[in-house]
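input11.tsv (TSV, C-alpha atoms and all ligand atoms) appears below.
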```tsv
chain	number	residue	atom	x	y	z
H	1	MET	CA	-18.94	-29.77	-8.45
H	2	ALA	CA	-18.10	-26.11	-8.67
H	3	ASP	CA	-21.12	-24.21	-9.92
H	4	VAL	CA	-22.52	-20.88	-8.86
H	5	SER	CA	-24.82	-22.36	-6.24
H	6	SER	CA	-22.04	-24.36	-4.58
H	7	PRO	CA	-18.88	-22.30	-4.38
H	8	PRO	CA	-15.74	-24.13	-3.20
H	9	VAL	CA	-16.12	-23.23	0.47
H	10	THR	CA	-17.01	-25.00	3.72
H	11	PHE	CA	-19.99	-23.30	5.33
H	12	ILE	CA	-19.83	-22.99	9.10
H	13	ALA	CA	-23.01	-23.75	11.04
H	14	GLY	CA	-22.76	-20.79	13.36
H	15	SER	CA	-20.19	-18.09	13.59
H	16	GLY	CA	-17.88	-18.64	16.54
H	17	ASP	CA	-18.49	-22.42	16.79
H	18	ILE	CA	-14.84	-23.27	16.39
H	19	PRO	CA	-13.18	-20.19	17.79
H	20	ASP	CA	-9.85	-19.32	16.22
H	21	ARG	CA	-9.14	-22.76	14.74
H	22	GLU	CA	-7.71	-21.00	11.70
H	23	ARG	CA	-4.89	-19.85	13.97
H	24	ASP	CA	-3.61	-23.44	14.25
H	25	ALA	CA	-1.81	-22.95	10.91
H	26	LEU	CA	0.78	-20.85	12.72
H	27	VAL	CA	3.99	-22.85	13.22
H	28	ASP	CA	6.25	-20.18	14.66
H	29	ILE	CA	7.07	-16.48	14.65
H	30	HIS	CA	10.53	-16.22	13.17
H	31	PRO	CA	12.43	-13.99	13.31
H	32	LYS	CA	10.64	-12.23	16.15
H	33	GLY	CA	10.33	-8.47	16.46
H	34	PHE	CA	10.21	-5.41	14.26
H	35	PHE	CA	11.80	-5.70	10.81
H	36	ILE	CA	12.20	-3.19	7.98
H	37	ARG	CA	13.86	-3.85	4.67
H	38	HIS	CA	14.50	-0.48	3.08
H	39	PRO	CA	14.09	-0.03	-0.65
H	40	PRO	CA	16.97	1.38	-2.68
H	41	ALA	CA	17.09	5.15	-3.32
H	42	PRO	CA	14.59	6.54	-5.89
H	43	HIS	CA	17.18	6.74	-8.68
H	44	GLU	CA	17.75	3.00	-8.28
H	45	LEU	CA	14.03	2.17	-8.33
H	46	ASP	CA	14.01	2.51	-12.11
H	47	GLU	CA	11.99	-0.54	-13.23
H	48	ALA	CA	8.30	-0.10	-14.05
H	49	VAL	CA	7.53	-3.23	-12.00
H	50	THR	CA	9.65	-3.46	-8.87
H	51	PRO	CA	11.41	-6.82	-8.54
H	52	GLU	CA	10.94	-8.66	-5.23
H	53	ILE	CA	14.54	-8.00	-4.25
H	54	LYS	CA	14.07	-4.21	-4.44
H	55	LEU	CA	10.68	-4.09	-2.73
H	56	PHE	CA	10.68	-2.87	0.88
H	57	GLN	CA	9.30	-5.01	3.70
H	58	THR	CA	7.63	-3.92	6.93
H	59	ILE	CA	6.94	-6.33	9.78
H	60	HIS	CA	5.85	-5.11	13.23
H	61	MET	CA	5.96	-8.08	15.59
H	62	GLY	CA	7.81	-10.79	13.69
H	63	ALA	CA	7.27	-12.94	10.60
H	64	ALA	CA	4.66	-15.70	10.84
H	65	VAL	CA	5.76	-19.15	9.70
H	66	VAL	CA	2.60	-20.73	8.29
H	67	ASP	CA	1.86	-24.37	7.43
H	68	PRO	CA	0.16	-24.12	4.02
H	69	ASN	CA	-1.52	-27.52	4.52
H	70	ARG	CA	-3.24	-26.32	7.67
H	71	TRP	CA	-3.94	-22.82	6.39
H	72	SER	CA	-7.54	-21.71	6.25
H	73	LEU	CA	-9.39	-18.44	5.96
H	74	VAL	CA	-12.59	-17.84	7.92
H	75	LEU	CA	-15.13	-15.23	6.79
H	76	ASP	CA	-17.75	-14.52	9.46
H	77	GLY	CA	-19.33	-11.74	11.51
H	78	LEU	CA	-22.42	-9.96	10.19
H	79	VAL	CA	-22.96	-12.42	7.34
H	80	GLU	CA	-25.69	-14.94	6.69
H	81	ARG	CA	-23.41	-17.71	5.47
H	82	PRO	CA	-20.08	-17.74	7.34
H	83	PHE	CA	-17.54	-20.08	5.77
H	84	SER	CA	-13.95	-21.22	5.76
H	85	ILE	CA	-11.72	-22.14	2.84
H	86	ASN	CA	-8.39	-23.88	2.48
H	87	LEU	CA	-5.70	-23.05	-0.06
H	88	GLU	CA	-6.96	-25.51	-2.63
H	89	GLN	CA	-10.46	-24.07	-2.47
H	90	LEU	CA	-9.11	-20.53	-2.74
H	91	ARG	CA	-7.16	-21.47	-5.88
H	92	GLN	CA	-10.35	-22.79	-7.52
H	93	MET	CA	-12.00	-19.41	-7.26
H	94	PRO	CA	-12.05	-16.71	-9.96
H	95	THR	CA	-8.76	-14.79	-9.93
H	96	ARG	CA	-7.78	-11.31	-10.86
H	97	SER	CA	-4.43	-9.55	-11.21
H	98	VAL	CA	-3.92	-5.90	-10.32
H	99	THR	CA	-0.79	-3.82	-10.79
H	100	SER	CA	-0.53	-1.35	-7.97
H	101	PHE	CA	1.90	0.90	-6.23
H	102	HIS	CA	2.71	-0.40	-2.75
H	103	GLU	CA	3.65	2.17	-0.14
H	104	CYS	CA	4.42	2.01	3.55
H	105	TYR	CA	3.14	4.93	5.62
H	106	GLY	CA	6.36	4.94	7.62
H	107	SER	CA	6.74	4.61	11.36
H	108	PRO	CA	3.42	5.11	13.16
H	109	ILE	CA	5.32	6.23	16.26
H	110	ASN	CA	7.26	9.17	14.84
H	111	PRO	CA	5.56	12.12	13.20
H	112	SER	CA	6.19	11.12	9.62
H	113	THR	CA	6.94	14.45	8.03
H	114	LYS	CA	9.88	13.14	6.08
H	115	ASN	CA	9.62	11.26	2.83
H	116	VAL	CA	10.51	7.73	3.71
H	117	TRP	CA	10.55	6.29	0.20
H	118	ARG	CA	9.18	2.92	1.18
H	119	ILE	CA	7.54	2.54	-2.21
H	120	GLY	CA	7.38	0.13	-5.12
H	121	ASN	CA	5.00	-1.03	-7.84
H	122	VAL	CA	4.06	-4.69	-8.22
H	123	ARG	CA	1.52	-7.05	-9.75
H	124	TRP	CA	-0.69	-8.95	-7.30
H	125	THR	CA	-2.84	-11.98	-8.14
H	126	GLY	CA	-5.62	-13.46	-6.06
H	127	VAL	CA	-9.35	-13.71	-5.48
H	128	PRO	CA	-11.35	-10.46	-5.29
H	129	LEU	CA	-12.58	-9.90	-1.73
H	130	GLN	CA	-15.84	-8.82	-3.36
H	131	TYR	CA	-16.31	-12.39	-4.60
H	132	LEU	CA	-15.72	-13.90	-1.15
H	133	LEU	CA	-18.14	-11.43	0.43
H	134	SER	CA	-20.78	-12.25	-2.18
H	135	ILE	CA	-20.67	-15.91	-1.09
H	136	ALA	CA	-21.12	-14.97	2.59
H	137	TRP	CA	-24.12	-12.65	2.10
H	138	PRO	CA	-23.06	-9.75	4.32
H	139	ASN	CA	-25.65	-7.68	6.15
H	140	LEU	CA	-25.05	-4.40	4.35
H	141	GLU	CA	-27.26	-2.43	6.68
H	142	ARG	CA	-25.23	-3.15	9.80
H	143	GLY	CA	-21.93	-4.35	8.38
H	144	SER	CA	-19.88	-1.20	7.85
H	145	PHE	CA	-16.35	-2.59	8.13
H	146	VAL	CA	-14.36	-5.68	7.27
H	147	TRP	CA	-11.77	-6.63	9.88
H	148	SER	CA	-8.76	-8.66	8.78
H	149	ASP	CA	-6.49	-10.72	11.05
H	150	GLY	CA	-2.95	-11.87	10.47
H	151	LEU	CA	-1.46	-14.96	12.13
H	152	ASP	CA	1.36	-12.93	13.69
H	153	SER	CA	1.38	-11.90	17.33
H	154	GLY	CA	3.89	-10.34	19.69
H	155	ALA	CA	4.72	-6.80	20.67
H	156	PHE	CA	5.35	-3.53	18.85
H	157	ALA	CA	6.53	-0.29	20.49
H	158	GLY	CA	5.90	-1.78	23.93
H	159	ILE	CA	2.33	-2.83	23.19
H	160	SER	CA	1.50	-6.50	22.88
H	161	ALA	CA	-1.11	-7.89	20.56
H	162	ASP	CA	-2.47	-11.41	20.05
H	163	ARG	CA	-2.84	-10.65	16.34
H	164	TYR	CA	-2.24	-8.01	13.68
H	165	GLN	CA	-5.74	-6.70	12.99
H	166	LYS	CA	-6.85	-4.00	10.55
H	167	ASP	CA	-10.19	-2.77	9.29
H	168	LEU	CA	-11.56	-1.25	6.11
H	169	PRO	CA	-14.93	0.28	5.27
H	170	ILE	CA	-17.27	-2.08	3.44
H	171	ASP	CA	-17.38	0.20	0.35
H	172	LYS	CA	-13.67	-0.27	-0.25
H	173	ALA	CA	-13.93	-3.98	0.63
H	174	LEU	CA	-16.48	-4.35	-2.17
H	175	SER	CA	-14.29	-2.50	-4.68
H	176	PRO	CA	-13.12	-4.93	-7.37
H	177	GLU	CA	-9.39	-4.20	-6.96
H	178	VAL	CA	-9.17	-5.45	-3.35
H	179	LEU	CA	-7.63	-8.92	-3.39
H	180	VAL	CA	-7.09	-11.91	-1.16
H	181	ALA	CA	-3.75	-12.46	-2.86
H	182	TYR	CA	-1.44	-15.45	-3.15
H	183	GLU	CA	1.01	-14.24	-5.81
H	184	MET	CA	3.21	-11.21	-6.37
H	185	ASN	CA	4.89	-10.58	-9.73
H	186	GLY	CA	3.76	-14.04	-10.84
H	187	GLN	CA	5.40	-15.90	-7.95
H	188	PRO	CA	3.84	-17.41	-4.82
H	189	LEU	CA	4.07	-15.00	-1.88
H	190	THR	CA	7.18	-15.65	0.17
H	191	LYS	CA	6.99	-15.99	3.93
H	192	GLU	CA	8.16	-12.39	4.53
H	193	ARG	CA	5.67	-11.08	1.94
H	194	GLY	CA	2.83	-12.57	3.99
H	195	GLY	CA	2.49	-15.99	2.34
H	196	PRO	CA	0.66	-18.12	1.71
H	197	VAL	CA	-2.15	-15.52	1.55
H	198	ARG	CA	-2.45	-11.83	2.32
H	199	LEU	CA	-4.87	-9.01	1.78
H	200	VAL	CA	-3.98	-6.34	-0.82
H	201	ILE	CA	-5.76	-2.97	-0.83
H	202	PRO	CA	-4.62	-1.03	-3.89
H	203	GLY	CA	-4.57	2.75	-3.41
H	204	TRP	CA	-4.34	2.47	0.38
H	205	PHE	CA	-1.28	2.44	2.60
H	206	GLY	CA	0.52	-0.89	2.98
H	207	THR	CA	-0.41	-1.14	6.65
H	208	ASN	CA	-3.96	-2.08	5.62
H	209	SER	CA	-2.82	-5.04	3.51
H	210	THR	CA	-2.78	-7.70	6.23
H	211	LYS	CA	-0.14	-10.38	5.73
H	212	TRP	CA	-0.51	-14.02	6.84
H	213	LEU	CA	-4.25	-13.52	6.49
H	214	CYS	CA	-6.45	-16.04	8.36
H	215	HIS	CA	-9.69	-14.29	9.27
H	216	LEU	CA	-12.06	-11.73	7.76
H	217	SER	CA	-15.04	-10.50	9.69
H	218	VAL	CA	-17.87	-8.13	8.75
H	219	GLN	CA	-18.44	-5.77	11.68
H	220	ALA	CA	-20.51	-2.72	12.60
H	221	THR	CA	-17.64	-0.75	14.15
H	222	ARG	CA	-13.95	-0.10	13.67
H	223	SER	CA	-11.53	-2.71	15.04
H	224	ARG	CA	-10.37	-2.08	18.60
H	225	GLY	CA	-6.89	-3.58	18.24
H	226	PRO	CA	-3.72	-1.50	18.67
H	227	PHE	CA	-3.01	-1.29	14.93
H	228	THR	CA	-6.26	0.65	14.36
H	229	THR	CA	-6.43	2.61	17.63
H	230	VAL	CA	-3.01	3.31	19.15
H	231	PHE	CA	-1.19	3.21	15.81
H	232	TYR	CA	-2.13	4.41	12.33
H	233	ASN	CA	-4.41	7.37	12.96
H	234	GLU	CA	-3.15	10.76	11.84
H	235	ILE	CA	-4.16	14.40	12.11
H	236	ASP	CA	-6.50	15.20	9.24
H	237	PRO	CA	-4.85	17.99	7.22
H	238	ALA	CA	-8.34	19.24	6.28
H	239	ASP	CA	-9.01	20.20	9.93
H	240	SER	CA	-8.05	23.84	10.38
H	241	GLU	CA	-7.60	23.33	14.12
H	242	GLY	CA	-5.20	20.46	13.57
H	243	VAL	CA	-6.77	18.08	16.09
H	244	ARG	CA	-9.22	15.82	14.27
H	245	LYS	CA	-7.76	12.42	13.47
H	246	ARG	CA	-8.42	10.09	10.58
H	247	PRO	CA	-7.35	6.51	9.92
H	248	VAL	CA	-4.27	5.94	7.76
H	249	TRP	CA	-6.18	4.54	4.78
H	250	ARG	CA	-5.99	6.40	1.46
H	251	VAL	CA	-2.63	7.40	0.00
H	252	GLU	CA	-2.29	11.10	-0.75
H	253	PRO	CA	-0.68	12.25	-4.01
H	254	ASN	CA	3.05	11.69	-4.00
H	255	SER	CA	5.94	11.63	-6.47
H	256	MET	CA	9.61	10.86	-6.83
H	257	ILE	CA	12.27	11.98	-9.26
H	258	VAL	CA	14.25	9.08	-10.73
H	259	ARG	CA	16.34	11.05	-13.27
H	260	PRO	CA	18.48	13.03	-13.09
H	261	ARG	CA	20.24	11.26	-10.25
H	262	PRO	CA	21.22	13.17	-7.10
H	263	GLU	CA	24.33	15.33	-7.66
H	264	GLU	CA	24.33	14.53	-11.36
H	265	VAL	CA	26.17	17.02	-13.60
H	266	VAL	CA	23.95	17.97	-16.53
H	267	LEU	CA	25.66	19.46	-19.58
H	268	ALA	CA	22.77	21.29	-21.19
H	269	LYS	CA	20.48	24.28	-20.92
H	270	TYR	CA	17.53	21.92	-20.81
H	271	VAL	CA	17.39	19.50	-17.95
H	272	GLU	CA	15.60	16.32	-18.96
H	273	GLY	CA	14.32	13.81	-16.49
H	274	TRP	CA	11.56	11.50	-15.36
H	275	GLY	CA	9.95	10.07	-12.30
H	276	ARG	CA	6.89	8.36	-10.85
H	277	ALA	CA	3.74	9.69	-9.25
H	278	TRP	CA	0.99	7.85	-7.38
H	279	GLY	CA	-1.91	8.20	-4.98
H	280	ALA	CA	-5.31	6.72	-4.11
H	281	GLU	CA	-6.67	8.60	-7.12
H	282	GLU	CA	-5.15	8.98	-10.56
H	283	ILE	CA	-2.53	11.71	-10.85
H	284	VAL	CA	-3.61	14.16	-13.56
H	285	ARG	CA	-0.79	16.68	-13.39
H	286	VAL	CA	2.87	16.85	-12.38
H	287	GLU	CA	4.79	20.14	-12.35
H	288	ILE	CA	8.49	20.74	-12.07
H	289	SER	CA	10.29	23.69	-10.49
H	290	LEU	CA	13.93	24.73	-10.55
H	291	ASP	CA	13.44	27.90	-8.49
H	292	HIS	CA	12.11	26.66	-5.12
H	293	GLY	CA	8.51	26.70	-6.27
H	294	GLU	CA	8.37	30.18	-7.75
H	295	THR	CA	7.60	28.94	-11.24
H	296	TRP	CA	6.37	25.53	-12.37
H	297	THR	CA	6.65	23.73	-15.73
H	298	GLU	CA	4.20	20.99	-16.73
H	299	ALA	CA	5.60	17.49	-17.06
H	300	THR	CA	4.01	14.88	-19.34
H	301	VAL	CA	2.12	12.29	-17.30
H	302	VAL	CA	1.13	8.83	-18.58
H	303	PRO	CA	-2.52	8.07	-17.70
H	304	ARG	CA	-3.01	5.47	-14.99
H	305	LYS	CA	-3.77	1.82	-15.63
H	306	GLU	CA	-5.25	-0.03	-12.66
H	307	PHE	CA	-3.49	1.31	-9.55
H	308	GLU	CA	0.03	1.48	-10.92
H	309	TRP	CA	2.39	4.36	-10.32
H	310	GLN	CA	2.51	6.74	-13.27
H	311	LEU	CA	5.50	7.78	-15.32
H	312	PHE	CA	6.10	11.51	-15.76
H	313	SER	CA	8.79	13.07	-17.92
H	314	PHE	CA	9.99	16.64	-18.22
H	315	GLU	CA	12.34	19.08	-19.83
H	316	VAL	CA	13.01	22.30	-17.92
H	317	HIS	CA	15.05	25.30	-18.84
H	318	ALA	CA	18.07	26.12	-16.63
H	319	ARG	CA	19.00	29.75	-17.24
H	320	ARG	CA	22.48	29.68	-15.73
H	321	SER	CA	25.18	27.25	-14.74
H	322	GLY	CA	25.32	26.12	-11.12
H	323	LYS	CA	23.48	24.17	-8.49
H	324	TYR	CA	19.75	23.49	-8.80
H	325	HIS	CA	17.06	21.79	-6.72
H	326	ILE	CA	14.58	20.03	-8.96
H	327	GLN	CA	11.17	19.72	-7.35
H	328	ALA	CA	8.18	17.69	-8.58
H	329	ARG	CA	4.59	18.29	-7.49
H	330	ALA	CA	1.73	15.91	-8.27
H	331	THR	CA	-1.99	16.75	-8.35
H	332	ASP	CA	-4.75	14.15	-8.33
H	333	GLN	CA	-8.17	13.99	-9.96
H	334	SER	CA	-9.88	15.83	-7.10
H	335	GLY	CA	-7.32	18.60	-7.28
H	336	THR	CA	-5.37	17.58	-4.17
H	337	GLN	CA	-1.80	18.74	-4.57
H	338	GLN	CA	1.38	17.60	-2.89
H	339	PRO	CA	2.26	20.17	-0.22
H	340	LEU	CA	5.62	21.93	-0.49
H	341	LEU	CA	6.65	21.20	3.10
H	342	GLY	CA	5.64	19.70	6.38
H	343	ARG	CA	3.78	16.53	5.38
H	344	ARG	CA	4.94	12.99	4.74
H	345	ASN	CA	4.08	13.46	1.06
H	346	HIS	CA	5.64	16.88	0.58
H	347	VAL	CA	7.40	17.46	-2.73
H	348	PRO	CA	10.70	15.66	-3.25
H	349	ASN	CA	13.76	17.51	-4.42
H	350	VAL	CA	16.95	16.44	-6.10
H	351	HIS	CA	20.15	18.52	-6.23
H	352	ILE	CA	21.90	18.67	-9.56
H	353	TRP	CA	24.63	20.73	-11.19
H	354	VAL	CA	24.11	22.38	-14.54
H	355	GLU	CA	27.10	23.20	-16.67
H	356	SER	CA	25.47	25.02	-19.47
H	357	THR	CA	27.79	24.89	-22.47
H	358	SER	CA	26.01	27.54	-24.52
H	359	ALA	CA	24.75	29.83	-21.76
H	401	LIG	N1	0.09	-9.42	9.56
H	401	LIG	C1	0.78	-8.30	9.25
H	401	LIG	N2	0.44	-7.63	8.14
H	401	LIG	C2	1.10	-6.51	7.80
H	401	LIG	C3	2.16	-6.00	8.60
H	401	LIG	C4	2.49	-6.73	9.78
H	401	LIG	O1	3.40	-6.36	10.54
H	401	LIG	N3	1.78	-7.89	10.06
H	401	LIG	N4	2.79	-4.83	8.22
H	401	LIG	C5	1.99	-3.90	7.40
H	401	LIG	C6	2.71	-2.75	6.86
H	401	LIG	S1	2.95	-1.42	7.88
H	401	LIG	C7	3.04	-2.66	5.54
H	401	LIG	S2	3.72	-1.26	4.91
H	401	LIG	C8	2.86	-3.81	4.63
H	401	LIG	C9	4.19	-4.19	4.07
H	401	LIG	O2	4.09	-5.25	3.16
H	401	LIG	P1	5.42	-5.86	2.56
H	401	LIG	O3	6.34	-6.16	3.72
H	401	LIG	O4	5.03	-7.03	1.77
H	401	LIG	O5	6.05	-4.78	1.69
H	401	LIG	O6	2.29	-4.93	5.28
H	401	LIG	C10	1.32	-4.64	6.24
H	401	LIG	N5	0.72	-5.87	6.66
H	402	MO	MO	3.88	0.27	6.64
```
Here is a file; write its structure as structure tokens.
Amino acid sequence: MADVSSPPVTFIAGSGDIPDRERDALVDIHPKGFFIRHPPAPHELDEAVTPEIKLFQTIHMGAAVVDPNRWSLVLDGLVERPFSINLEQLRQMPTRSVTSFHECYGSPINPSTKNVWRIGNVRWTGVPLQYLLSIAWPNLERGSFVWSDGLDSGAFAGISADRYQKDLPIDKALSPEVLVAYEMNGQPLTKERGGPVRLVIPGWFGTNSTKWLCHLSVQATRSRGPFTTVFYNEIDPADSEGVRKRPVWRVEPNSMIVRPRPEEVVLAKYVEGWGRAWGAEEIVRVEISLDHGETWTEATVVPRKEFEWQLFSFEVHARRSGKYHIQARATDQSGTQQPLLGRRNHVPNVHIWVESTSA
């Protein structure tokens, strides 16, 4: 009987009684090793919702092959009622769908000052993490983070790990958009997407959305695994000395120009185009420049729904015929602006040719 007092879960007598049994659902790691599927160029990413085939993939150590019949998720740590659930129990729980941009930070080994364009926008469906936490009764005084484990193991950049483990602060974990997801764009998650179940953290970099999820744990400190210590910490741009580091969590404002296409020949005095902008916060302004940032013209930006990327459209005046660099610069609700150069989210630019008929 599924009522409020008896949620569809199996309570565990004491945390750590059956160490790591959830890991038995792992059948194999195949293929092994690092894998990236690049998305197409921005001008080809022209659907509002990115189809599976055009969505990038990032896998560090190899893809976990998971037996859905043996799959279970354990929630333990600083909680009063640790529990485990199987797939059937998860599917009985209240679901929610969230459309969100999905962006990879890029290689954590190289300084990522170039735009990598590992970006898309998809609809995820699953059970809010908030709901699962509410069943477990977390200790909110001591429990400051939620750690998440994937079933994959192996090595990345010469460092071996017995699991992919990430962490997120409890505030974000309790935000209603964070999902323990089993569908993307209305279809069950494929193996490479992290199926049968993965974490999805809208507004945050993809690295935090643990695939092949098997374990969540409320903890007092940050995770000590390589994916939260060695990898995925970056220099905080707010530190004037350029030394303080911060975790790769929130996505900074970013944008891409979809039209005109690179090297397109535009036969008009007014260059029309459109693109997408996104970030952890809603984008409230996008500006366009044709003169290397000397002057900016406001684009029209569609307000954000959920965590989706936002459409912007523009019309800018080209005073002469010739080659132009179109630049787009997004600003979010707190006033954070895309930098012109030197950061992973610096403004994109597209070269075009204007042949102005009436100039
Ligand atoms: N278990 C596990 N989860 C993972 C990864 C991984 O290698 N293993 N890669 C992360 C990174 S860096 C990104 S960008 C996203 C990519 O998700 P996608 O491949 O579905 O696009 O998954 C994240 N979750
Ligand atoms: Mo990533």
Item to check | range 324-338 of chain H surroundings by all atoms listed in the file, 8 Å radius, close-in-sequence under 2 positions cut, as a count of residues only | outcome: 33
Checklist outcome for this item: Using only C-alpha atoms, the residue out of H:Ser356, H:Thr297, H:Ser148, H:Asn208 with shortest distance to Leu267 in chain H is H:Ser356
Item to check | Nearest-residue call for ligand LIG 401 (chain H), choices H:Val248, H:Val49, H:Val66, H:Leu213, using all atoms listed in the file | outcome: H:Leu213
Next on the checklist: Between atom C3 of ligand LIG 401 (chain H) and CA of Ser209 in chain H, what distance in Å does the model show, to one decimal?
Outcome noted: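 These atoms are spaced 7.2 Å apart.
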Checklist entry - Between H:Phe314, H:Trp309, H:Trp274, H:Phe156, which has the minimum distance to Ile109 in chain H (counting all atoms listed in the file)? => result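 Checking each candidate against Ile109 in chain H, we get H:Phe156 as the closest.
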Next on the checklist: Give me, as a ChimeraX atom specification, the set of residues whose atoms come within 9 Å of any atom of ligand MO 402 (chain H), counting only C-alpha atoms and all ligand atoms.
Outcome noted: /H:57-60,103-108,118,205-208
Please, could you write that set of residues out with C-alpha atoms as a PDB file, keeping the file's coordinate frame?
```
ATOM      1  CA  GLN H  57       9.300  -5.010   3.700  1.00  0.00           C
ATOM      2  CA  THR H  58       7.630  -3.920   6.930  1.00  0.00           C
ATOM      3  CA  ILE H  59       6.940  -6.330   9.780  1.00  0.00           C
ATOM      4  CA  HIS H  60       5.850  -5.110  13.230  1.00  0.00           C
ATOM      5  CA  GLU H 103       3.650   2.170  -0.140  1.00  0.00           C
ATOM      6  CA  CYS H 104       4.420   2.010   3.550  1.00  0.00           C
ATOM      7  CA  TYR H 105       3.140   4.930   5.620  1.00  0.00           C
ATOM      8  CA  GLY H 106       6.360   4.940   7.620  1.00  0.00           C
ATOM      9  CA  SER H 107       6.740   4.610  11.360  1.00  0.00           C
ATOM     10  CA  PRO H 108       3.420   5.110  13.160  1.00  0.00           C
ATOM     11  CA  ARG H 118       9.180   2.920   1.180  1.00  0.00           C
ATOM     12  CA  PHE H 205      -1.280   2.440   2.600  1.00  0.00           C
ATOM     13  CA  GLY H 206       0.520  -0.890   2.980  1.00  0.00           C
ATOM     14  CA  THR H 207      -0.410  -1.140   6.650  1.00  0.00           C
ATOM     15  CA  ASN H 208      -3.960  -2.080   5.620  1.00  0.00           C
TER      16      ASN H 208
END
```
